[in-house]
$ cat my_file-v9.cif   # mmCIF, C-alpha atoms and all ligand atoms
data_target
#
loop_
_atom_site.group_PDB
_atom_site.id
_atom_site.type_symbol
_atom_site.label_atom_id
_atom_site.label_comp_id
_atom_site.auth_asym_id
_atom_site.auth_seq_id
_atom_site.Cartn_x
_atom_site.Cartn_y
_atom_site.Cartn_z
ATOM 1 C CA MET A 1 0.000 0.000 0.000
ATOM 2 C CA ASP A 2 1.154 3.529 -0.777
ATOM 3 C CA LYS A 3 1.028 5.033 2.723
ATOM 4 C CA GLU A 4 1.619 8.603 1.570
ATOM 5 C CA LEU A 5 -1.214 8.412 -0.959
ATOM 6 C CA ILE A 6 -3.573 6.986 1.652
ATOM 7 C CA GLN A 7 -2.620 9.690 4.137
ATOM 8 C CA GLN A 8 -3.412 12.352 1.539
ATOM 9 C CA ILE A 9 -6.850 10.807 0.931
ATOM 10 C CA ARG A 10 -7.540 10.592 4.677
ATOM 11 C CA ASP A 11 -6.375 14.159 5.352
ATOM 12 C CA LYS A 12 -8.490 15.602 2.547
ATOM 13 C CA ALA A 13 -11.556 13.561 3.551
ATOM 14 C CA ARG A 14 -11.185 14.491 7.230
ATOM 15 C CA ASN A 15 -10.857 18.197 6.435
ATOM 16 C CA LEU A 16 -13.858 18.171 4.115
ATOM 17 C CA LEU A 17 -16.003 16.633 6.855
ATOM 18 C CA LYS A 18 -14.590 18.859 9.606
ATOM 19 C CA GLU A 19 -15.160 22.031 7.579
ATOM 20 C CA GLY A 20 -18.668 20.865 6.673
ATOM 21 C CA THR A 21 -17.869 21.100 2.948
ATOM 22 C CA VAL A 22 -19.483 17.680 2.506
ATOM 23 C CA GLU A 23 -21.896 15.506 4.497
ATOM 24 C CA GLY A 24 -20.126 12.283 3.657
ATOM 25 C CA VAL A 25 -17.150 10.775 1.893
ATOM 26 C CA ILE A 26 -17.408 7.613 -0.183
ATOM 27 C CA GLY A 27 -14.112 5.746 -0.428
ATOM 28 C CA TYR A 28 -12.606 2.325 0.218
ATOM 29 C CA GLU A 29 -11.765 0.437 3.383
ATOM 30 C CA ARG A 30 -10.198 -2.971 4.039
ATOM 31 C CA ALA A 31 -12.773 -5.761 3.825
ATOM 32 C CA SER A 32 -13.268 -8.173 6.694
ATOM 33 C CA ASP A 33 -11.114 -10.809 4.954
ATOM 34 C CA ASP A 34 -8.242 -8.422 5.744
ATOM 35 C CA LEU A 35 -7.053 -8.686 2.133
ATOM 36 C CA THR A 36 -9.506 -7.154 -0.346
ATOM 37 C CA SER A 37 -11.460 -3.905 -0.081
ATOM 38 C CA ARG A 38 -15.038 -2.698 0.106
ATOM 39 C CA PRO A 39 -16.807 0.678 -0.114
ATOM 40 C CA LEU A 40 -16.673 2.906 2.966
ATOM 41 C CA PHE A 41 -19.241 5.601 3.733
ATOM 42 C CA ALA A 42 -17.525 8.042 6.102
ATOM 43 C CA TYR A 43 -19.819 10.504 7.859
ATOM 44 C CA SER A 44 -17.562 11.662 10.699
ATOM 45 C CA PRO A 45 -13.906 12.771 10.663
ATOM 46 C CA SER A 46 -12.890 9.726 12.726
ATOM 47 C CA ASP A 47 -14.317 7.366 10.053
ATOM 48 C CA THR A 48 -11.748 8.655 7.572
ATOM 49 C CA GLU A 49 -8.961 6.792 9.399
ATOM 50 C CA ARG A 50 -10.372 3.626 7.780
ATOM 51 C CA LEU A 51 -9.870 4.887 4.210
ATOM 52 C CA ILE A 52 -7.402 2.967 2.053
ATOM 53 C CA PHE A 53 -6.379 2.745 -1.573
ATOM 54 C CA ASP A 54 -4.582 -0.144 -3.230
ATOM 55 C CA GLU A 55 -4.797 -2.519 -6.191
ATOM 56 C CA THR A 56 -7.913 -4.215 -4.776
ATOM 57 C CA CYS A 57 -10.094 -1.070 -4.889
ATOM 58 C CA ALA A 58 -11.942 -2.139 -8.024
ATOM 59 C CA HIS A 59 -15.443 -0.839 -7.217
ATOM 60 C CA ASN A 60 -16.694 2.113 -9.201
ATOM 61 C CA LEU A 61 -18.054 4.260 -6.363
ATOM 62 C CA VAL A 62 -19.646 6.833 -8.658
ATOM 63 C CA LYS A 63 -22.830 4.749 -8.781
ATOM 64 C CA TYR A 64 -23.496 5.627 -5.122
ATOM 65 C CA LEU A 65 -23.774 9.336 -5.981
ATOM 66 C CA LEU A 66 -27.160 8.548 -7.512
ATOM 67 C CA ASP A 67 -28.398 7.525 -4.046
ATOM 68 C CA LYS A 68 -27.140 10.779 -2.524
ATOM 69 C CA LYS A 69 -28.796 13.285 -4.817
ATOM 70 C CA GLY A 70 -29.193 16.755 -3.263
ATOM 71 C CA LYS A 71 -26.457 16.089 -0.697
ATOM 72 C CA LYS A 72 -22.895 17.348 -0.773
ATOM 73 C CA ILE A 73 -20.724 14.266 -1.052
ATOM 74 C CA ALA A 74 -17.050 13.574 -1.702
ATOM 75 C CA VAL A 75 -16.099 10.489 -3.642
ATOM 76 C CA VAL A 76 -12.783 8.759 -4.333
ATOM 77 C CA VAL A 77 -12.402 8.042 -8.038
ATOM 78 C CA LYS A 78 -9.901 6.214 -10.185
ATOM 79 C CA PRO A 79 -9.355 7.522 -13.733
ATOM 80 C CA CYS A 80 -11.840 5.080 -15.305
ATOM 81 C CA ASP A 81 -14.470 5.842 -12.648
ATOM 82 C CA SER A 82 -14.126 9.564 -13.294
ATOM 83 C CA ARG A 83 -15.616 9.045 -16.764
ATOM 84 C CA ALA A 84 -18.838 7.996 -15.022
ATOM 85 C CA ILE A 85 -18.954 11.380 -13.284
ATOM 86 C CA ASN A 86 -18.832 13.146 -16.649
ATOM 87 C CA LEU A 87 -21.536 10.806 -17.983
ATOM 88 C CA LEU A 88 -23.857 11.566 -15.058
ATOM 89 C CA LEU A 89 -23.128 15.312 -15.250
ATOM 90 C CA ASN A 90 -23.886 15.314 -18.947
ATOM 91 C CA GLU A 91 -27.123 13.423 -18.392
ATOM 92 C CA GLY A 92 -28.216 15.778 -15.606
ATOM 93 C CA GLN A 93 -28.178 13.048 -12.942
ATOM 94 C CA ILE A 94 -25.784 14.788 -10.538
ATOM 95 C CA GLU A 95 -24.867 18.401 -9.860
ATOM 96 C CA ARG A 96 -21.220 19.374 -10.058
ATOM 97 C CA ASP A 97 -21.530 21.716 -7.042
ATOM 98 C CA ASN A 98 -22.711 18.835 -4.867
ATOM 99 C CA VAL A 99 -19.776 16.547 -5.619
ATOM 100 C CA PHE A 100 -16.222 16.878 -4.379
ATOM 101 C CA ILE A 101 -14.018 14.565 -6.407
ATOM 102 C CA ILE A 102 -10.945 13.082 -4.733
ATOM 103 C CA GLY A 103 -9.066 11.718 -7.728
ATOM 104 C CA VAL A 104 -6.340 9.098 -7.501
ATOM 105 C CA GLY A 105 -3.777 8.024 -10.064
ATOM 106 C CA CYS A 106 -4.177 4.300 -10.559
ATOM 107 C CA PRO A 107 -1.570 1.559 -10.926
ATOM 108 C CA GLY A 108 -4.233 -0.893 -12.157
ATOM 109 C CA MET A 109 -6.521 -3.252 -10.283
ATOM 110 C CA VAL A 110 -5.908 -6.964 -9.835
ATOM 111 C CA GLU A 111 -8.429 -9.791 -9.928
ATOM 112 C CA THR A 112 -9.840 -10.411 -6.474
ATOM 113 C CA ASN A 113 -12.258 -12.743 -4.815
ATOM 114 C CA TRP A 114 -13.242 -13.171 -1.234
ATOM 115 C CA ASN A 115 -10.036 -13.900 0.683
ATOM 116 C CA HIS A 116 -8.068 -14.096 -2.542
ATOM 117 C CA LYS A 117 -5.974 -11.576 -4.436
ATOM 118 C CA SER A 118 -4.232 -12.554 -7.640
ATOM 119 C CA GLU A 119 -1.184 -10.844 -9.126
ATOM 120 C CA THR A 120 -2.974 -10.594 -12.488
ATOM 121 C CA LEU A 121 -4.093 -7.171 -13.636
ATOM 122 C CA GLN A 122 -7.708 -6.878 -14.727
ATOM 123 C CA ALA A 123 -7.990 -7.005 -18.528
ATOM 124 C CA LYS A 124 -9.300 -3.424 -18.758
ATOM 125 C CA CYS A 125 -6.225 -2.162 -16.885
ATOM 126 C CA ARG A 126 -3.722 -3.615 -19.320
ATOM 127 C CA THR A 127 -4.848 -1.228 -22.054
ATOM 128 C CA CYS A 128 -6.005 1.691 -19.914
ATOM 129 C CA GLN A 129 -4.615 4.951 -21.290
ATOM 130 C CA LEU A 130 -5.864 7.178 -18.464
ATOM 131 C CA PHE A 131 -3.141 8.077 -15.991
ATOM 132 C CA LYS A 132 -5.191 10.509 -13.958
ATOM 133 C CA PRO A 133 -8.948 11.170 -13.611
ATOM 134 C CA VAL A 134 -10.569 13.231 -16.369
ATOM 135 C CA VAL A 135 -12.271 15.366 -13.711
ATOM 136 C CA TYR A 136 -11.277 15.999 -10.075
ATOM 137 C CA ASP A 137 -11.124 18.656 -7.363
ATOM 138 C CA PHE A 138 -8.134 17.187 -5.543
ATOM 139 C CA LEU A 139 -5.609 14.751 -6.961
ATOM 140 C CA ALA A 140 -4.146 12.518 -4.259
ATOM 141 C CA GLY A 141 -0.688 11.230 -5.046
ATOM 142 C CA GLY A 142 -0.402 13.100 -8.360
ATOM 143 C CA GLU A 143 -0.293 11.566 -11.819
ATOM 144 C CA ILE A 144 1.321 8.136 -11.950
ATOM 145 C CA GLU A 145 3.479 6.429 -14.529
ATOM 146 C CA ARG A 146 2.249 3.091 -15.825
ATOM 147 C CA GLN A 147 2.924 1.026 -18.935
ATOM 148 C CA ALA A 148 -0.192 0.516 -21.068
ATOM 149 C CA GLU A 149 -0.636 -1.784 -24.032
ATOM 150 C CA GLU A 150 -2.254 -0.413 -27.164
ATOM 151 C CA GLU A 151 -6.028 -1.006 -27.346
ATOM 152 C CA THR A 152 -6.464 -3.112 -30.479
ATOM 153 C CA TYR A 153 -9.839 -4.726 -29.688
ATOM 154 C CA SER A 154 -8.306 -8.010 -30.864
ATOM 155 C CA ASP A 155 -10.822 -9.991 -28.786
ATOM 156 C CA ILE A 156 -13.667 -8.195 -30.541
ATOM 157 C CA THR A 157 -12.297 -8.569 -34.074
ATOM 158 C CA GLU A 158 -11.851 -12.272 -33.330
ATOM 159 C CA GLU A 159 -15.543 -12.482 -32.438
ATOM 160 C CA GLU A 160 -16.560 -10.406 -35.463
ATOM 161 C CA ALA A 161 -14.782 -12.882 -37.748
ATOM 162 C CA LYS A 162 -17.079 -15.688 -36.590
ATOM 163 C CA SER A 163 -20.323 -16.452 -38.398
ATOM 164 C CA VAL A 164 -23.593 -15.023 -37.127
ATOM 165 C CA ALA A 165 -24.783 -18.563 -36.327
ATOM 166 C CA THR A 166 -21.679 -19.290 -34.238
ATOM 167 C CA ARG A 167 -22.014 -16.035 -32.334
ATOM 168 C CA ARG A 168 -25.730 -16.602 -31.811
ATOM 169 C CA GLU A 169 -25.084 -20.061 -30.405
ATOM 170 C CA PHE A 170 -22.384 -18.687 -28.098
ATOM 171 C CA TRP A 171 -24.558 -15.883 -26.729
ATOM 172 C CA LEU A 172 -27.637 -18.052 -26.282
ATOM 173 C CA GLU A 173 -25.511 -20.410 -24.200
ATOM 174 C CA GLN A 174 -24.177 -17.475 -22.173
ATOM 175 C CA PHE A 175 -27.589 -15.881 -21.669
ATOM 176 C CA GLY A 176 -28.989 -19.288 -20.781
ATOM 177 C CA ARG A 177 -26.811 -19.157 -17.649
ATOM 178 C CA CYS A 178 -28.037 -15.703 -16.569
ATOM 179 C CA ILE A 179 -30.000 -15.902 -13.320
ATOM 180 C CA ARG A 180 -31.484 -12.399 -13.701
ATOM 181 C CA CYS A 181 -30.007 -11.242 -10.420
ATOM 182 C CA TYR A 182 -29.553 -7.780 -11.991
ATOM 183 C CA ALA A 183 -26.212 -7.258 -10.252
ATOM 184 C CA CYS A 184 -24.816 -6.010 -13.587
ATOM 185 C CA ARG A 185 -27.517 -3.339 -13.708
ATOM 186 C CA GLN A 186 -27.262 -2.362 -10.049
ATOM 187 C CA VAL A 187 -23.531 -1.761 -10.255
ATOM 188 C CA CYS A 188 -23.612 0.142 -13.562
ATOM 189 C CA PRO A 189 -23.361 3.942 -13.326
ATOM 190 C CA GLY A 190 -25.262 4.249 -16.604
ATOM 191 C CA CYS A 191 -28.264 2.191 -15.381
ATOM 192 C CA TYR A 192 -30.437 4.459 -13.292
ATOM 193 C CA CYS A 193 -34.022 4.295 -14.620
ATOM 194 C CA PRO A 194 -36.467 4.392 -11.654
ATOM 195 C CA VAL A 195 -38.215 1.342 -13.126
ATOM 196 C CA CYS A 196 -36.044 -0.840 -15.352
ATOM 197 C CA PHE A 197 -37.633 -2.022 -18.610
ATOM 198 C CA ALA A 198 -36.814 -5.574 -17.451
ATOM 199 C CA GLU A 199 -39.251 -5.255 -14.555
ATOM 200 C CA ARG A 200 -41.904 -3.142 -16.220
ATOM 201 C CA LEU A 201 -45.220 -4.910 -16.690
ATOM 202 C CA ASP A 202 -47.025 -2.176 -18.637
ATOM 203 C CA PRO A 203 -45.776 -2.055 -21.302
ATOM 204 C CA LEU A 204 -44.200 -5.491 -21.099
ATOM 205 C CA TRP A 205 -40.924 -5.190 -22.965
ATOM 206 C CA VAL A 206 -39.465 -8.460 -21.757
ATOM 207 C CA GLY A 207 -40.897 -11.236 -19.617
ATOM 208 C CA ILE A 208 -39.534 -11.921 -16.154
ATOM 209 C CA ARG A 209 -39.236 -15.649 -16.798
ATOM 210 C CA ILE A 210 -35.651 -16.844 -16.364
ATOM 211 C CA ALA A 211 -35.181 -18.552 -19.714
ATOM 212 C CA PRO A 212 -32.809 -18.082 -22.668
ATOM 213 C CA GLU A 213 -35.290 -16.123 -24.836
ATOM 214 C CA GLU A 214 -36.163 -13.587 -22.126
ATOM 215 C CA ASN A 215 -32.583 -13.388 -20.906
ATOM 216 C CA ASP A 216 -31.508 -12.769 -24.472
ATOM 217 C CA MET A 217 -33.832 -9.762 -24.729
ATOM 218 C CA TRP A 218 -32.830 -8.499 -21.283
ATOM 219 C CA GLN A 219 -29.134 -8.471 -22.092
ATOM 220 C CA THR A 220 -29.533 -7.206 -25.656
ATOM 221 C CA ILE A 221 -31.681 -4.243 -24.627
ATOM 222 C CA ARG A 222 -29.432 -3.399 -21.671
ATOM 223 C CA SER A 223 -26.368 -3.428 -23.937
ATOM 224 C CA PHE A 224 -28.014 -1.109 -26.428
ATOM 225 C CA HIS A 225 -29.124 1.246 -23.666
ATOM 226 C CA LEU A 226 -25.442 1.550 -22.825
ATOM 227 C CA ALA A 227 -24.261 2.021 -26.427
ATOM 228 C CA GLY A 228 -22.216 5.218 -26.511
ATOM 229 C CA ARG A 229 -22.771 5.605 -22.750
ATOM 230 C CA CYS A 230 -20.744 2.712 -21.317
ATOM 231 C CA ILE A 231 -17.601 4.127 -19.726
ATOM 232 C CA GLY A 232 -15.826 0.769 -19.703
ATOM 233 C CA CYS A 233 -15.440 0.292 -15.945
ATOM 234 C CA ASN A 234 -16.271 -3.402 -16.443
ATOM 235 C CA GLU A 235 -18.038 -3.523 -13.114
ATOM 236 C CA CYS A 236 -20.969 -5.407 -14.680
ATOM 237 C CA GLU A 237 -18.741 -8.299 -15.696
ATOM 238 C CA ARG A 238 -16.786 -8.226 -12.428
ATOM 239 C CA VAL A 239 -19.911 -8.687 -10.314
ATOM 240 C CA CYS A 240 -21.704 -11.223 -12.502
ATOM 241 C CA PRO A 241 -21.996 -14.331 -10.318
ATOM 242 C CA VAL A 242 -22.036 -16.692 -13.289
ATOM 243 C CA ASP A 243 -19.158 -15.069 -15.203
ATOM 244 C CA ILE A 244 -20.986 -14.022 -18.348
ATOM 245 C CA PRO A 245 -18.407 -12.175 -20.510
ATOM 246 C CA LEU A 246 -20.380 -8.937 -20.697
ATOM 247 C CA SER A 247 -17.263 -6.990 -21.677
ATOM 248 C CA LEU A 248 -17.441 -8.611 -25.115
ATOM 249 C CA LEU A 249 -20.808 -6.941 -25.684
ATOM 250 C CA ASN A 250 -19.826 -3.634 -24.127
ATOM 251 C CA ARG A 251 -16.521 -3.442 -25.943
ATOM 252 C CA LYS A 252 -18.093 -4.361 -29.290
ATOM 253 C CA LEU A 253 -20.471 -1.422 -28.921
ATOM 254 C CA GLU A 254 -17.657 0.814 -27.650
ATOM 255 C CA LYS A 255 -15.580 -0.089 -30.713
ATOM 256 C CA ASP A 256 -18.486 0.571 -33.105
ATOM 257 C CA VAL A 257 -19.331 3.917 -31.509
ATOM 258 C CA LYS A 258 -15.671 4.930 -31.661
ATOM 259 C CA GLU A 259 -15.466 4.020 -35.351
ATOM 260 C CA LEU A 260 -18.812 5.524 -36.363
ATOM 261 C CA PHE A 261 -18.881 8.645 -34.213
ATOM 262 C CA ALA A 262 -15.300 9.113 -32.956
ATOM 263 C CA PHE A 263 -16.803 9.185 -29.479
ATOM 264 C CA GLN A 264 -15.945 7.644 -26.117
ATOM 265 C CA ALA A 265 -18.304 8.165 -23.214
ATOM 266 C CA GLY A 266 -17.346 10.266 -20.232
ATOM 267 C CA LEU A 267 -14.211 11.909 -21.516
ATOM 268 C CA ASP A 268 -15.877 15.314 -21.789
ATOM 269 C CA PRO A 269 -18.793 16.494 -19.606
ATOM 270 C CA GLU A 270 -19.997 18.839 -22.354
ATOM 271 C CA GLU A 271 -20.162 16.284 -25.171
ATOM 272 C CA ALA A 272 -23.428 14.325 -25.219
ATOM 273 C CA PRO A 273 -23.467 10.649 -26.279
ATOM 274 C CA PRO A 274 -24.257 10.197 -30.017
ATOM 275 C CA PHE A 275 -27.672 8.654 -29.408
ATOM 276 C CA ALA A 276 -28.694 11.559 -27.211
ATOM 277 C CA THR A 277 -28.213 14.029 -30.044
ATOM 278 C CA PHE A 278 -30.214 12.478 -32.867
ATOM 279 C CA LYS A 279 -31.618 14.956 -35.371
ATOM 280 C CA LYS A 280 -34.482 14.128 -37.739
ATOM 281 C CA GLU A 281 -32.461 15.016 -40.829
ATOM 282 C CA GLU A 282 -29.602 12.692 -39.887
ATOM 283 C CA VAL A 283 -29.433 9.582 -42.061
ATOM 284 C CA MET A 284 -27.061 6.667 -41.678
ATOM 285 C CA GLU A 285 -26.020 4.577 -44.614
ATOM 286 C CA PHE A 286 -25.845 0.839 -44.051
ATOM 287 C CA GLU A 287 -24.576 -1.790 -46.418
ATOM 288 C CA LYS A 288 -27.412 -3.977 -47.680
HETATM 289 S S1 LIG B 301 -8.995 0.858 -16.069
HETATM 290 FE FE1 LIG B 301 -7.314 2.288 -15.662
HETATM 291 S S2 LIG B 301 -8.073 3.655 -14.079
HETATM 292 FE FE2 LIG B 301 -9.448 1.907 -14.143
HETATM 293 S S3 LIG B 301 -8.706 0.508 -12.599
HETATM 294 FE FE3 LIG B 301 -7.701 -0.093 -14.507
HETATM 295 S S4 LIG B 301 -5.784 1.066 -14.624
HETATM 296 FE FE4 LIG B 301 -7.057 1.982 -13.016
HETATM 297 S S1 LIG B 302 -22.117 -1.413 -18.893
HETATM 298 FE FE1 LIG B 302 -20.613 -2.332 -17.491
HETATM 299 S S2 LIG B 302 -18.661 -1.472 -18.187
HETATM 300 FE FE2 LIG B 302 -20.259 -0.191 -19.036
HETATM 301 S S3 LIG B 302 -20.533 1.485 -17.575
HETATM 302 FE FE3 LIG B 302 -22.015 -0.134 -17.043
HETATM 303 S S4 LIG B 302 -20.968 -1.363 -15.495
HETATM 304 FE FE4 LIG B 302 -19.396 -0.134 -16.506
HETATM 305 S S1 LIG B 303 -25.091 -10.112 -13.213
HETATM 306 FE FE1 LIG B 303 -24.904 -11.870 -14.604
HETATM 307 S S2 LIG B 303 -26.443 -13.333 -13.866
HETATM 308 FE FE2 LIG B 303 -26.940 -11.359 -12.955
HETATM 309 S S3 LIG B 303 -28.440 -10.455 -14.390
HETATM 310 FE FE3 LIG B 303 -26.423 -9.698 -14.973
HETATM 311 S S4 LIG B 303 -25.715 -11.127 -16.553
HETATM 312 FE FE4 LIG B 303 -27.409 -12.125 -15.472
#

$ encode --input "my_file-v9.cif" --output "structure tokens"
Amino acid sequence: MDKELIQQIRDKARNLLKEGTVEGVIGYERASDDLTSRPLFAYSPSDTERLIFDETCAHNLVKYLLDKKGKKIAVVVKPCDSRAINLLLNEGQIERDNVFIIGVGCPGMVETNWNHKSETLQAKCRTCQLFKPVVYDFLAGGEIERQAEEETYSDITEEEAKSVATRREFWLEQFGRCIRCYACRQVCPGCYCPVCFAERLDPLWVGIRIAPEENDMWQTIRSFHLAGRCIGCNECERVCPVDIPLSLLNRKLEKDVKELFAFQAGLDPEEAPPFATFKKEEVMEFEK
């Protein structure tokens, strides 16, 4: 653990609470397995002594800001998480004046499980080109240096090369394992509808039966709702209890949106996602 970095986070959080600048600070603390981490909601200066930051702090805490609307809250964000702040600002879901952003440079997160920490970096971290948050009020520890591989989307082009029938078979098998726990939705900063289409009975977009056909619709519609809005935190895949490779769907759409619109979600709070700016006169040409 980087003790100096952690001290900077604790000092800033403590001062914000002491001065009354914020009502709470959302950060990370050591989990009860004494190895991994979990979210911490600090409401008093003494709570801030529990704050930590290390390579196990994978959670994207920005999602919690949606539960704290109208309150002044500080949140610890990694560079990838900070894109979610821009997304929510752009979509009018949070107010900039109510959020104090404690940014941290990020060395990359490793794969963790209860009572287990691997040495392997998460896949998204190997190609991550963000070395500091895209938006912050205070940068703990400064910008860091980290080697990043080029993002080639080789996993996606490999999938694209397969026939439609092969891909269909693969995804039906994957969706057949989905237990509709909705953890992927709950953890996603871009999923915030008061009533999700998947649970709406009138109109009934998709049945609640847990079966491949319904699961297929559930996942397909969710993916498209995130097209051009997914900020690539990969939290949905990380929390999926049955290990459905949701990043393949998200990254396919990310790649397409990048190629078609030269757009990546959350990099700029002023730039709206492509599908939020549709004009009647716009026409897209598709190959027949
Ligand atoms: S994607 Fe980048 S910012 Fe996010 S955890 Fe990995 S290295 Fe850190
Ligand atoms: S769809 Fe997954 S990767 Fe994209 S923003 Fe939501 S949780 Fe993050
Ligand atoms: S987290 Fe996994 S199992 Fe749960 S609804 Fe999402 S895809 Fe299905």

$ residues_around --input "my_file-v9.cif" --residues "stretch 261-265 of chain A" --least-positions-apart "5" --cutoff "12 Å" --atoms "all atoms listed in the file" --output "ChimeraX atom specification"
/A:80-91,134,189-190,226-233,250-251,253-256,270-277,284

$ residues_near_ligand --input "my_file-v9.cif" --ligand "ligand LIG 301 (chain B)" --cutoff "12 Å" --atoms "only C-alpha atoms and all ligand atoms" --output "VMD selection string"
chain A and resid 53 to 61 76 to 84 103 to 111 120 to 134 143 to 149 151 231 to 235 238

$ resolve_selection --input "my_file-v9.cif" --expression "the PyMOL selection byres (((chain A and resi 240) around 12) and not hetatm)" --output "number ranges by chain"
A: 174-175, 177-188, 234-239, 241-247

$ resolve_selection --input "my_file-v9.cif" --expression "the PyMOL selection byres (((chain A and resi 153-168) around 8) and not hetatm)" --output "PyMOL selection string"
chain A and resi 151-152+169-172+248+251-252+255

$ closest_residue --input "my_file-v9.cif" --among "A:Leu65, A:Ala31, A:Ala140, A:Leu204" --to "A:Arg10" --atoms "all atoms listed in the file"
A:Ala140

$ closest_residue --input "my_file-v9.cif" --among "A:Trp218, A:Phe224, A:Phe197, A:Tyr64" --to "ligand LIG 303 (chain B)" --atoms "all atoms listed in the file"
A:Trp218

$ closest_atom_pairs --input "my_file-v9.cif" --of "stretch 92-160 of chain A" --to "stretch 18-21 of chain A" --cutoff "10 Å" --atoms "only C-alpha atoms" --output "JSON lines"
{"residue": "A:Asn98", "atom": "CA", "partner": "A:Thr21", "partner_atom": "CA", "distance": 9.5}
{"residue": "A:Val99", "atom": "CA", "partner": "A:Thr21", "partner_atom": "CA", "distance": 9.9}
{"residue": "A:Phe100", "atom": "CA", "partner": "A:Thr21", "partner_atom": "CA", "distance": 8.6}

$ closest_residue --input "my_file-v9.cif" --among "A:Lys258, A:Lys3, A:Lys63, A:Arg96" --to "A:Val135" --atoms "all atoms listed in the file"
A:Arg96

$ atom_distance --input "my_file-v9.cif" --atom1 "atom CA of A:Glu95" --atom2 "atom CA of A:Gly70"
8.1 Å

$ atom_distance --input "my_file-v9.cif" --atom1 "atom CA of A:Gln93" --atom2 "atom CA of A:Ile26"
17.6 Å

$ resolve_selection --input "my_file-v9.cif" --expression "the PyMOL selection byres (((chain A and resi 115) around 9) and not hetatm)" --output "ChimeraX atom specification"
/A:32-36,112-114,116-117

$ closest_residue --input "my_file-v9.cif" --among "A:Lys280, A:Lys69, A:His225, A:Arg30" --to "A:Glu49" --atoms "all atoms listed in the file"
A:Arg30

$ closest_residue --input "my_file-v9.cif" --among "A:Ala42, A:Ile221, A:Leu201, A:Ile73" --to "ligand LIG 302 (chain B)" --atoms "only C-alpha atoms and all ligand atoms"
A:Ile221

$ closest_residue --input "my_file-v9.cif" --among "A:Phe138, A:Pro269, A:Val206, A:Ser223" --to "ligand LIG 302 (chain B)" --atoms "only C-alpha atoms and all ligand atoms"
A:Ser223

$ atom_distance --input "my_file-v9.cif" --atom1 "atom S1 of ligand LIG 302 (chain B)" --atom2 "atom CA of A:Glu173"
20.0 Å

$ axis_aligned_box --input "my_file-v9.cif" --around "ligand LIG 303 (chain B)" --padding-each-side "5 Å" --output "lines of an AutoDock Vina configuration file"
center_x = -26.7
center_y = -11.5
center_z = -14.8
size_x = 13.5
size_y = 13.6
size_z = 13.6
